[in-house]
Amino acid sequence: MKSVLLATISGKAEEAFLSLLKGAGYSQVMAVSSAAEARRCLARLEVELLVIDTPLKDESGQELALFAASGSTAGIVLLLKSGTPQELAIQAEEAGVFPLYKPMARPQLLQTLRMAAAIHRRMSGLGNENRSLRKKMEELRLIDRAKCILIQQLGLSEPQAHRYIEKQAMDRRLTRVEIAQNLLLTYE
(Lines give C-alpha, C1' and ligand atoms only; values in the text may rest on other atoms or scores of the structure.)
Protein backbone atom coordinates (compact mmCIF):
# COMPACT_ATOMS: atom_id res chain seq x y z
CA MET A 1 0.00 0.00 0.00
CA LYS A 2 1.47 3.30 -1.05
CA SER A 3 1.37 5.76 1.83
CA VAL A 4 2.62 9.32 2.05
CA LEU A 5 3.09 11.72 4.93
CA LEU A 6 2.84 15.33 3.77
CA ALA A 7 4.09 18.09 6.05
CA THR A 8 2.95 21.56 4.98
CA ILE A 9 1.39 24.63 6.57
CA SER A 10 -0.22 25.86 3.36
CA GLY A 11 -3.79 24.72 2.78
CA LYS A 12 -3.46 25.54 -0.90
CA ALA A 13 -0.26 23.49 -1.23
CA GLU A 14 -1.90 20.65 0.71
CA GLU A 15 -4.81 20.48 -1.74
CA ALA A 16 -2.45 20.55 -4.73
CA PHE A 17 -0.23 17.82 -3.27
CA LEU A 18 -3.18 15.63 -2.32
CA SER A 19 -4.47 15.83 -5.87
CA LEU A 20 -1.04 15.18 -7.37
CA LEU A 21 -0.26 12.26 -5.04
CA LYS A 22 -3.62 10.56 -5.45
CA GLY A 23 -3.26 10.95 -9.22
CA ALA A 24 0.17 9.30 -8.98
CA GLY A 25 -1.36 6.25 -7.27
CA TYR A 26 -0.77 6.99 -3.61
CA SER A 27 -3.86 5.72 -1.84
CA GLN A 28 -3.06 6.86 1.68
CA VAL A 29 -1.98 10.46 2.10
CA MET A 30 -1.85 12.01 5.55
CA ALA A 31 -1.22 15.74 5.91
CA VAL A 32 0.23 17.43 9.00
CA SER A 33 1.24 21.04 9.58
CA SER A 34 4.06 20.71 12.11
CA ALA A 35 7.28 18.79 12.51
CA ALA A 36 6.13 17.51 15.91
CA GLU A 37 3.03 15.93 14.34
CA ALA A 38 5.16 14.45 11.56
CA ARG A 39 7.56 12.91 14.09
CA ARG A 40 4.64 11.32 15.97
CA CYS A 41 3.29 9.88 12.71
CA LEU A 42 6.70 8.52 11.70
CA ALA A 43 7.03 6.84 15.11
CA ARG A 44 3.82 4.86 14.71
CA LEU A 45 3.40 4.44 10.95
CA GLU A 46 5.46 2.98 8.11
CA VAL A 47 5.28 5.46 5.25
CA GLU A 48 6.75 5.10 1.79
CA LEU A 49 7.23 8.83 1.24
CA LEU A 50 7.68 11.87 3.44
CA VAL A 51 7.16 15.17 1.59
CA ILE A 52 8.19 18.24 3.57
CA ASP A 53 7.06 21.61 2.22
CA THR A 54 9.22 24.11 4.10
CA PRO A 55 8.85 26.04 6.32
CA LEU A 56 6.65 24.26 8.86
CA LYS A 57 4.69 25.68 11.78
CA ASP A 58 7.27 24.81 14.44
CA GLU A 59 10.57 24.58 12.54
CA SER A 60 12.17 25.06 9.15
CA GLY A 61 11.61 21.45 8.03
CA GLN A 62 15.31 20.72 7.49
CA GLU A 63 15.58 19.22 10.99
CA LEU A 64 12.60 16.97 10.33
CA ALA A 65 14.16 15.74 7.09
CA LEU A 66 17.44 14.87 8.82
CA PHE A 67 15.58 13.22 11.71
CA ALA A 68 13.52 11.09 9.32
CA ALA A 69 16.58 10.18 7.25
CA SER A 70 18.35 8.84 10.32
CA GLY A 71 15.49 6.74 11.65
CA SER A 72 13.16 5.81 8.82
CA THR A 73 13.20 3.96 5.52
CA ALA A 74 10.83 6.50 3.96
CA GLY A 75 11.87 8.25 0.79
CA ILE A 76 12.16 11.91 1.78
CA VAL A 77 11.53 14.90 -0.47
CA LEU A 78 12.35 18.31 0.97
CA LEU A 79 10.78 21.27 -0.85
CA LEU A 80 12.88 24.37 -0.21
CA LYS A 81 12.11 28.04 -0.82
CA SER A 82 14.03 29.42 -3.78
CA GLY A 83 16.26 31.61 -1.57
CA THR A 84 17.39 28.75 0.69
CA PRO A 85 21.19 28.45 0.89
CA GLN A 86 22.62 25.66 -1.24
CA GLU A 87 24.55 24.31 1.79
CA LEU A 88 21.24 23.15 3.29
CA ALA A 89 20.36 21.28 0.10
CA ILE A 90 23.79 19.65 0.05
CA GLN A 91 23.46 18.63 3.71
CA ALA A 92 20.05 17.12 2.95
CA GLU A 93 21.44 15.21 -0.06
CA GLU A 94 24.27 13.80 2.05
CA ALA A 95 21.68 12.47 4.51
CA GLY A 96 19.75 10.74 1.72
CA VAL A 97 17.05 13.37 1.26
CA PHE A 98 15.89 14.64 -2.15
CA PRO A 99 15.88 18.47 -2.00
CA LEU A 100 13.87 20.44 -4.57
CA TYR A 101 13.63 24.20 -4.89
CA LYS A 102 10.19 25.79 -5.23
CA PRO A 103 8.64 26.48 -7.62
CA MET A 104 9.21 23.27 -9.52
CA ALA A 105 7.62 21.73 -12.58
CA ARG A 106 5.07 18.97 -12.03
CA PRO A 107 7.09 16.35 -14.02
CA GLN A 108 10.18 17.16 -11.96
CA LEU A 109 8.26 16.66 -8.72
CA LEU A 110 6.70 13.40 -9.94
CA GLN A 111 10.10 12.07 -11.02
CA THR A 112 11.59 12.96 -7.65
CA LEU A 113 8.70 11.25 -5.85
CA ARG A 114 9.26 8.11 -7.95
CA MET A 115 12.98 8.11 -7.14
CA ALA A 116 12.29 8.61 -3.43
CA ALA A 117 9.77 5.74 -3.50
CA ALA A 118 12.35 3.52 -5.22
CA ILE A 119 14.85 4.36 -2.47
CA HIS A 120 12.23 3.42 0.14
CA ARG A 121 11.63 0.04 -1.49
CA ARG A 122 15.36 -0.63 -1.66
CA MET A 123 15.88 0.43 1.98
CA SER A 124 12.96 -1.74 3.11
CA GLY A 125 14.41 -4.72 1.28
CA LEU A 126 17.82 -4.16 2.85
CA GLY A 127 16.19 -3.79 6.27
CA ASN A 128 14.40 -7.12 5.84
CA GLU A 129 17.63 -8.77 4.73
CA ASN A 130 19.45 -7.27 7.71
CA ARG A 131 16.82 -8.60 10.15
CA SER A 132 17.02 -12.03 8.54
CA LEU A 133 20.82 -12.10 8.85
CA ARG A 134 20.68 -10.97 12.50
CA LYS A 135 18.20 -13.74 13.28
CA LYS A 136 20.43 -16.29 11.56
CA MET A 137 23.47 -15.08 13.54
CA GLU A 138 21.54 -15.34 16.82
CA GLU A 139 20.50 -18.87 15.91
CA LEU A 140 24.10 -19.83 15.10
CA ARG A 141 25.30 -18.38 18.42
CA LEU A 142 22.67 -20.39 20.26
CA ILE A 143 23.68 -23.58 18.45
CA ASP A 144 27.36 -22.88 19.18
CA ARG A 145 26.56 -22.42 22.88
CA ALA A 146 24.76 -25.76 22.85
CA LYS A 147 27.80 -27.38 21.17
CA CYS A 148 30.05 -25.94 23.88
CA ILE A 149 27.76 -27.43 26.53
CA LEU A 150 27.96 -30.84 24.83
CA ILE A 151 31.73 -30.58 24.60
CA GLN A 152 32.05 -29.62 28.29
CA GLN A 153 29.38 -31.90 29.76
CA LEU A 154 29.64 -35.00 27.56
CA GLY A 155 33.24 -34.71 26.38
CA LEU A 156 32.30 -34.69 22.70
CA SER A 157 34.46 -33.16 20.01
CA GLU A 158 33.10 -30.21 18.03
CA PRO A 159 32.20 -32.37 14.98
CA GLN A 160 30.51 -34.90 17.28
CA ALA A 161 28.53 -32.16 19.04
CA HIS A 162 27.50 -30.76 15.67
CA ARG A 163 26.42 -34.20 14.45
CA TYR A 164 24.53 -34.83 17.71
CA ILE A 165 22.47 -31.65 17.29
CA GLU A 166 21.83 -32.40 13.59
CA LYS A 167 20.75 -35.99 14.34
CA GLN A 168 18.50 -34.97 17.22
CA ALA A 169 16.84 -32.36 14.99
CA MET A 170 16.18 -34.95 12.26
CA ASP A 171 15.06 -37.72 14.62
CA ARG A 172 12.75 -35.54 16.68
CA ARG A 173 11.57 -33.42 13.73
CA LEU A 174 12.61 -30.20 15.41
CA THR A 175 14.85 -27.39 14.26
CA ARG A 176 18.47 -27.22 15.33
CA VAL A 177 17.58 -24.09 17.30
CA GLU A 178 14.89 -25.94 19.27
CA ILE A 179 17.35 -28.76 20.03
CA ALA A 180 19.96 -26.19 21.12
CA GLN A 181 17.41 -24.45 23.38
CA ASN A 182 16.47 -27.79 24.97
CA LEU A 183 20.13 -28.64 25.55
CA LEU A 184 20.76 -25.28 27.16
CA LEU A 185 17.73 -25.69 29.43
CA THR A 186 18.90 -29.16 30.42
CA TYR A 187 22.57 -28.39 31.14
CA GLU A 188 22.61 -24.76 32.24
# chains A, B, ... in the order shown; residues from 1 in each chain; ligands from 1
>>> select_by_dssp(residues="stretch 43-180 of chain A", states="alpha helix (DSSP H)", output="PyMOL selection string")
chain A and resi 43-44+62-71+86-94+106-154+158-172+176-180
>>> residues_around(residues="A:Ile143", least_positions_apart="4", cutoff="12 Å", atoms="only C-alpha atoms", output="list of chain:residue names")
A:Lys136, A:Met137, A:Glu138, A:Glu139, A:Lys147, A:Cys148, A:Ile149, A:Leu150, A:Glu158, A:Ala161, A:His162, A:Arg163, A:Tyr164, A:Ile165, A:Glu166, A:Ala169, A:Thr175, A:Arg176, A:Val177, A:Glu178, A:Ile179, A:Ala180, A:Gln181, A:Asn182, A:Leu183, A:Leu184
>>> closest_residue(among="A:Ile52, A:Ile119, A:Ala36, A:Leu64", to="A:Leu100", atoms="only C-alpha atoms")
A:Ile52
>>> closest_residue(among="A:Thr54, A:Ser3, A:Ser132, A:Thr84", to="A:Cys41", atoms="only C-alpha atoms")
A:Ser3
>>> closest_residue(among="A:Gln91, A:Gln111, A:Ser72, A:Ser124", to="A:Ala24", atoms="only C-alpha atoms")
A:Gln111
